[in-house]
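The structure appears below as structure tokens.
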Amino acid sequence: MTTTLRTAVVIGCGTTGTSLALALGLAGVRVTLVDEDPRALEEAVSLGAGTAWTPGQPPADLVVVATAPSAVVDALHSAQSRGLGHVYTDTAGTKDIVCAEAELRGCDLKGYVPGHPLAGSDAAARDTAAAGRFTGRPWVVCPYETTPDWALETMDALIEVCGAYRIDLAPHVHDRIVAELSHGPHLIAAALATRFADSSEAFLGLAGNGLRDAVRSAGGDPWLWGDVLAHNAGPVADVLDRVAEQLARAAAILREGDACAPLELAPTLEEGRRGHAALQRAGERRTLRDAPAGDRV
């Protein structure tokens with residue numbers, strides 16, 4: 001790495017922005033923070049994530065926009081107009097619309113490197129923020145064709161400081177991947193969890209860990225998730241259509257009450273078992289890769 005980060009501005013003090021600021025600060029980077037919510041800014045400062053940005057500061061080496069997708073382009077355009085930094089990036093969980101809107105808005109694309117750290121969803125609460133949030137995790141970068149090397153070098157410095165590793169993807173490819181791995185499953189989990197919103201504690205006390213695991217992601221912030229889903233509408237809808245088709249077919253088989261029902265359901269159940277096994281293997285390989293050398297067997 002040839003670029004050294006000395007100063008950074010983080011716009012947005014949710015879990016992602018605060019965690020990123022903590023990681024930068026731990027590496028000796030001087031971080032200043034921006035958030036429209038004074039309480040959010042105060043909480044992030046109290047956690048040691050940095051100091052509040054003030055007018056008159058010289059341009060930072062890097063500006064990170066860590067807001068919801070719908071707010072990224074406004075925040076980016078404003079930051080560039082005020083000359084807050086030399087290189088800009090974002091952490092939004094969708095990329096295709098954000099990248100297109102930045103171009104249409106007239107943002108400086110040479111200094112902007114769209115990005116997305118795949119380290120869990122953002123949240124307004126900062127009590128789960130941690131400097132190690134990105135360690136060993138992939139960080140997707142979606143550079144424009146005109147993105148200069150010096151901007152990418154600054155992005156590499158950020159990713160290295162956070163302990164992540166870089167993956168380059170086209171924006172539309174990124175969005176289809178996260179629709180399959182995160183956005184679609186989240187909405188499916190939310191739909192399943194709605195079944196229990198008004199259930200009695202006595203009834204829910206009979207639930208096993210399998211159900212709790214299945215709906216765990218449904219605990220995310222509804223407004224933030226709604227924003228993400230709306231910005232990745234097409235790919236997410238495609239995922240939901242495919243799952244709905246499978247479920248509708250299974251429901252039809254069960255309603256028929258045919259003696260062949262177990263045989264007819266078997267392909268879906270077997271494919272589900274194979275998918276579960278594949279996810280388990282991938283998770284185990286990632287755990288092994290991320291473990292300290294002395295902990296590896």
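By order in the structure tokens, chains are A, B, ...; within a chain, residues start at 1; ligands start at 1, following the order shown.
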Find the residues around A:His77 up to 9 Å (only C-alpha atoms counted), leave out those fewer than 3 positions away in its own chain, and share them as an mmCIF file with C-alpha atoms, in the first residue's frame.
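Here's the written file around_3.cif:
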data_model
loop_
_atom_site.group_PDB
_atom_site.id
_atom_site.type_symbol
_atom_site.label_atom_id
_atom_site.label_comp_id
_atom_site.auth_asym_id
_atom_site.auth_seq_id
_atom_site.Cartn_x
_atom_site.Cartn_y
_atom_site.Cartn_z
ATOM 1 C CA VAL A 72 -26.003 8.996 -0.224
ATOM 2 C CA VAL A 73 -26.046 11.140 -3.353
ATOM 3 C CA ASP A 74 -27.311 14.266 -1.561
ATOM 4 C CA GLN A 80 -17.913 17.559 -2.631
ATOM 5 C CA SER A 81 -19.402 21.026 -3.102
ATOM 6 C CA ARG A 82 -17.946 22.061 0.262
ATOM 7 C CA ALA A 102 -24.302 10.196 -8.570
ATOM 8 C CA ARG A 105 -26.415 14.573 -10.222
ATOM 9 C CA GLY A 106 -23.061 15.740 -11.528
ATOM 10 C CA CYS A 107 -20.948 14.457 -8.656
ATOM 11 C CA ASP A 108 -17.188 14.350 -9.214
#
Compile the contact shell of A:Pro114 as a list in words: residues with an atom at most 9 Å away, counting only C-alpha atoms, same-chain residues fewer than 5 positions apart removed.
->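 Answer for this query is Tyr88, Thr89, Asp90, Thr91, Ala92, Lys95, Val98, Cys99, Val140, Val141, Cys142, Pro143, Tyr144 and Pro171 of chain A.
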Kindly save the residues from that selection, with all heavy atoms included, as an mmCIF file, in the first residue's frame.
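Written out: part31.cif:
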data_model
loop_
_atom_site.group_PDB
_atom_site.id
_atom_site.type_symbol
_atom_site.label_atom_id
_atom_site.label_comp_id
_atom_site.auth_asym_id
_atom_site.auth_seq_id
_atom_site.Cartn_x
_atom_site.Cartn_y
_atom_site.Cartn_z
ATOM 1 N N TYR A 88 -13.723 10.267 -2.026
ATOM 2 C CA TYR A 88 -15.010 10.009 -1.388
ATOM 3 C C TYR A 88 -15.448 8.567 -1.669
ATOM 4 O O TYR A 88 -15.185 8.019 -2.741
ATOM 5 C CB TYR A 88 -16.081 10.961 -1.936
ATOM 6 C CG TYR A 88 -15.785 12.422 -1.689
ATOM 7 C CD1 TYR A 88 -14.858 13.111 -2.478
ATOM 8 C CD2 TYR A 88 -16.411 13.115 -0.654
ATOM 9 C CE1 TYR A 88 -14.570 14.443 -2.256
ATOM 10 C CE2 TYR A 88 -16.132 14.455 -0.429
ATOM 11 C CZ TYR A 88 -15.208 15.119 -1.233
ATOM 12 O OH TYR A 88 -14.925 16.446 -0.996
ATOM 13 N N THR A 89 -16.122 7.974 -0.692
ATOM 14 C CA THR A 89 -16.721 6.672 -0.886
ATOM 15 C C THR A 89 -18.010 6.606 -0.076
ATOM 16 O O THR A 89 -18.353 7.556 0.638
ATOM 17 C CB THR A 89 -15.759 5.537 -0.476
ATOM 18 O OG1 THR A 89 -16.323 4.269 -0.860
ATOM 19 C CG2 THR A 89 -15.518 5.523 1.041
ATOM 20 N N ASP A 90 -18.738 5.502 -0.206
ATOM 21 C CA ASP A 90 -19.945 5.311 0.593
ATOM 22 C C ASP A 90 -19.995 3.876 1.059
ATOM 23 O O ASP A 90 -19.165 3.046 0.656
ATOM 24 C CB ASP A 90 -21.198 5.656 -0.218
ATOM 25 C CG ASP A 90 -21.507 4.623 -1.280
ATOM 26 O OD1 ASP A 90 -20.792 4.597 -2.305
ATOM 27 O OD2 ASP A 90 -22.444 3.833 -1.089
ATOM 28 N N THR A 91 -20.959 3.567 1.917
ATOM 29 C CA THR A 91 -21.086 2.212 2.453
ATOM 30 C C THR A 91 -22.466 1.616 2.184
ATOM 31 O O THR A 91 -22.847 0.617 2.798
ATOM 32 C CB THR A 91 -20.838 2.210 3.973
ATOM 33 O OG1 THR A 91 -21.873 2.969 4.634
ATOM 34 C CG2 THR A 91 -19.476 2.783 4.324
ATOM 35 N N ALA A 92 -23.234 2.220 1.273
ATOM 36 C CA ALA A 92 -24.625 1.803 1.051
ATOM 37 C C ALA A 92 -24.721 0.358 0.588
ATOM 38 O O ALA A 92 -23.882 -0.123 -0.181
ATOM 39 C CB ALA A 92 -25.286 2.715 0.031
ATOM 40 N N LYS A 95 -25.976 -0.513 -4.911
ATOM 41 C CA LYS A 95 -24.983 0.241 -5.657
ATOM 42 C C LYS A 95 -25.478 0.745 -7.010
ATOM 43 O O LYS A 95 -25.063 1.816 -7.451
ATOM 44 C CB LYS A 95 -23.732 -0.641 -5.883
ATOM 45 C CG LYS A 95 -23.011 -0.989 -4.590
ATOM 46 C CD LYS A 95 -21.901 0.029 -4.251
ATOM 47 C CE LYS A 95 -22.376 1.361 -3.755
ATOM 48 N NZ LYS A 95 -22.683 1.405 -2.319
ATOM 49 N N VAL A 98 -27.509 4.064 -6.766
ATOM 50 C CA VAL A 98 -26.637 5.082 -6.164
ATOM 51 C C VAL A 98 -25.589 5.551 -7.167
ATOM 52 O O VAL A 98 -25.356 6.759 -7.335
ATOM 53 C CB VAL A 98 -25.963 4.532 -4.894
ATOM 54 C CG1 VAL A 98 -24.862 5.476 -4.418
ATOM 55 C CG2 VAL A 98 -26.988 4.338 -3.781
ATOM 56 N N CYS A 99 -24.944 4.610 -7.861
ATOM 57 C CA CYS A 99 -23.915 4.972 -8.838
ATOM 58 C C CYS A 99 -24.503 5.784 -9.985
ATOM 59 O O CYS A 99 -23.915 6.774 -10.431
ATOM 60 C CB CYS A 99 -23.246 3.714 -9.380
ATOM 61 S SG CYS A 99 -22.224 2.824 -8.178
ATOM 62 N N VAL A 140 -16.866 -4.667 -0.998
ATOM 63 C CA VAL A 140 -17.111 -4.547 -2.432
ATOM 64 C C VAL A 140 -16.815 -3.125 -2.896
ATOM 65 O O VAL A 140 -17.220 -2.150 -2.252
ATOM 66 C CB VAL A 140 -18.564 -4.921 -2.779
ATOM 67 C CG1 VAL A 140 -18.840 -4.683 -4.265
ATOM 68 C CG2 VAL A 140 -18.830 -6.382 -2.429
ATOM 69 N N VAL A 141 -16.102 -3.034 -4.005
ATOM 70 C CA VAL A 141 -15.793 -1.750 -4.621
ATOM 71 C C VAL A 141 -16.332 -1.781 -6.053
ATOM 72 O O VAL A 141 -16.155 -2.754 -6.775
ATOM 73 C CB VAL A 141 -14.272 -1.491 -4.631
ATOM 74 C CG1 VAL A 141 -13.945 -0.212 -5.381
ATOM 75 C CG2 VAL A 141 -13.743 -1.417 -3.203
ATOM 76 N N CYS A 142 -17.030 -0.711 -6.439
ATOM 77 C CA CYS A 142 -17.635 -0.622 -7.776
ATOM 78 C C CYS A 142 -17.101 0.613 -8.493
ATOM 79 O O CYS A 142 -17.838 1.596 -8.696
ATOM 80 C CB CYS A 142 -19.155 -0.550 -7.672
ATOM 81 S SG CYS A 142 -19.929 -1.932 -6.807
ATOM 82 N N PRO A 143 -15.848 0.601 -8.882
ATOM 83 C CA PRO A 143 -15.273 1.799 -9.509
ATOM 84 C C PRO A 143 -15.872 2.080 -10.882
ATOM 85 O O PRO A 143 -16.312 1.165 -11.588
ATOM 86 C CB PRO A 143 -13.783 1.447 -9.620
ATOM 87 C CG PRO A 143 -13.740 -0.052 -9.654
ATOM 88 C CD PRO A 143 -14.880 -0.503 -8.794
ATOM 89 N N TYR A 144 -15.892 3.357 -11.248
ATOM 90 C CA TYR A 144 -16.276 3.739 -12.597
ATOM 91 C C TYR A 144 -15.097 3.457 -13.533
ATOM 92 O O TYR A 144 -13.965 3.258 -13.093
ATOM 93 C CB TYR A 144 -16.622 5.227 -12.643
ATOM 94 C CG TYR A 144 -17.831 5.613 -11.826
ATOM 95 C CD1 TYR A 144 -17.702 6.037 -10.504
ATOM 96 C CD2 TYR A 144 -19.110 5.576 -12.374
ATOM 97 C CE1 TYR A 144 -18.800 6.401 -9.751
ATOM 98 C CE2 TYR A 144 -20.227 5.943 -11.635
ATOM 99 C CZ TYR A 144 -20.063 6.347 -10.323
ATOM 100 O OH TYR A 144 -21.163 6.705 -9.577
ATOM 101 N N PRO A 171 -21.865 -2.623 -10.431
ATOM 102 C CA PRO A 171 -22.979 -2.296 -9.519
ATOM 103 C C PRO A 171 -24.165 -3.239 -9.623
ATOM 104 O O PRO A 171 -24.721 -3.673 -8.612
ATOM 105 C CB PRO A 171 -23.350 -0.869 -9.932
ATOM 106 C CG PRO A 171 -22.088 -0.296 -10.479
ATOM 107 C CD PRO A 171 -21.421 -1.433 -11.186
#
Using DSSP on the backbone coordinates, identify all residues within stretch 175-232 of chain A classified as helix (DSSP H, G or I); present the result as a PyMOL selection string.
-> chain A and resi 175-196+201-204+209-214+216-219+222-231
Just C-alpha atoms for this one: save the residues we selected as a compact mmCIF listing (two decimals), in the first residue's frame.
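Now in result_22.txt:
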# COMPACT_ATOMS: atom_id res chain seq x y z
CA ASP A 175 -27.13 -5.77 -6.25
CA ARG A 176 -28.17 -9.19 -7.53
CA ILE A 177 -25.76 -10.91 -5.16
CA VAL A 178 -26.96 -9.05 -2.08
CA ALA A 179 -30.58 -9.61 -3.15
CA GLU A 180 -29.93 -13.36 -3.03
CA LEU A 181 -27.78 -13.41 0.10
CA SER A 182 -29.29 -10.67 2.24
CA HIS A 183 -32.18 -8.54 1.02
CA GLY A 184 -34.52 -11.29 -0.15
CA PRO A 185 -33.87 -13.50 2.91
CA HIS A 186 -34.48 -10.51 5.19
CA LEU A 187 -37.93 -9.85 3.73
CA ILE A 188 -38.76 -13.56 3.86
CA ALA A 189 -37.72 -13.68 7.52
CA ALA A 190 -39.81 -10.57 8.23
CA ALA A 191 -42.86 -12.12 6.57
CA LEU A 192 -42.43 -15.28 8.65
CA ALA A 193 -41.94 -13.29 11.86
CA THR A 194 -45.19 -11.35 11.32
CA ARG A 195 -47.02 -14.58 12.17
CA PHE A 196 -45.94 -14.16 15.80
CA GLU A 201 -45.73 -15.50 25.43
CA ALA A 202 -46.94 -18.95 26.51
CA PHE A 203 -47.33 -19.98 22.87
CA LEU A 204 -44.01 -18.51 21.76
CA ASN A 209 -33.98 -22.32 18.23
CA GLY A 210 -34.61 -23.24 14.59
CA LEU A 211 -37.45 -20.75 14.31
CA ARG A 212 -35.52 -18.06 16.17
CA ASP A 213 -32.58 -18.55 13.78
CA ALA A 214 -34.93 -18.34 10.79
CA ARG A 216 -33.24 -13.42 13.45
CA SER A 217 -32.61 -10.88 10.67
CA ALA A 218 -36.19 -9.60 10.98
CA GLY A 219 -35.08 -7.62 14.03
CA PRO A 222 -37.76 -1.24 9.48
CA TRP A 223 -37.06 2.22 8.02
CA LEU A 224 -33.47 1.47 7.11
CA TRP A 225 -34.39 -1.89 5.61
CA GLY A 226 -37.30 -0.38 3.69
CA ASP A 227 -34.90 2.12 2.15
CA VAL A 228 -32.44 -0.60 1.14
CA LEU A 229 -35.14 -2.84 -0.33
CA ALA A 230 -36.67 0.00 -2.33
CA HIS A 231 -33.24 0.76 -3.82
Residues at most 9 Å from stretch 19-30 of chain A, counting only C-alpha atoms, excluding those fewer than 6 positions away in the same chain, as a VMD selection string?
-> chain A and resid 5 to 10 13 44 47 to 51 64 66 126 128 to 134 158 161 to 163
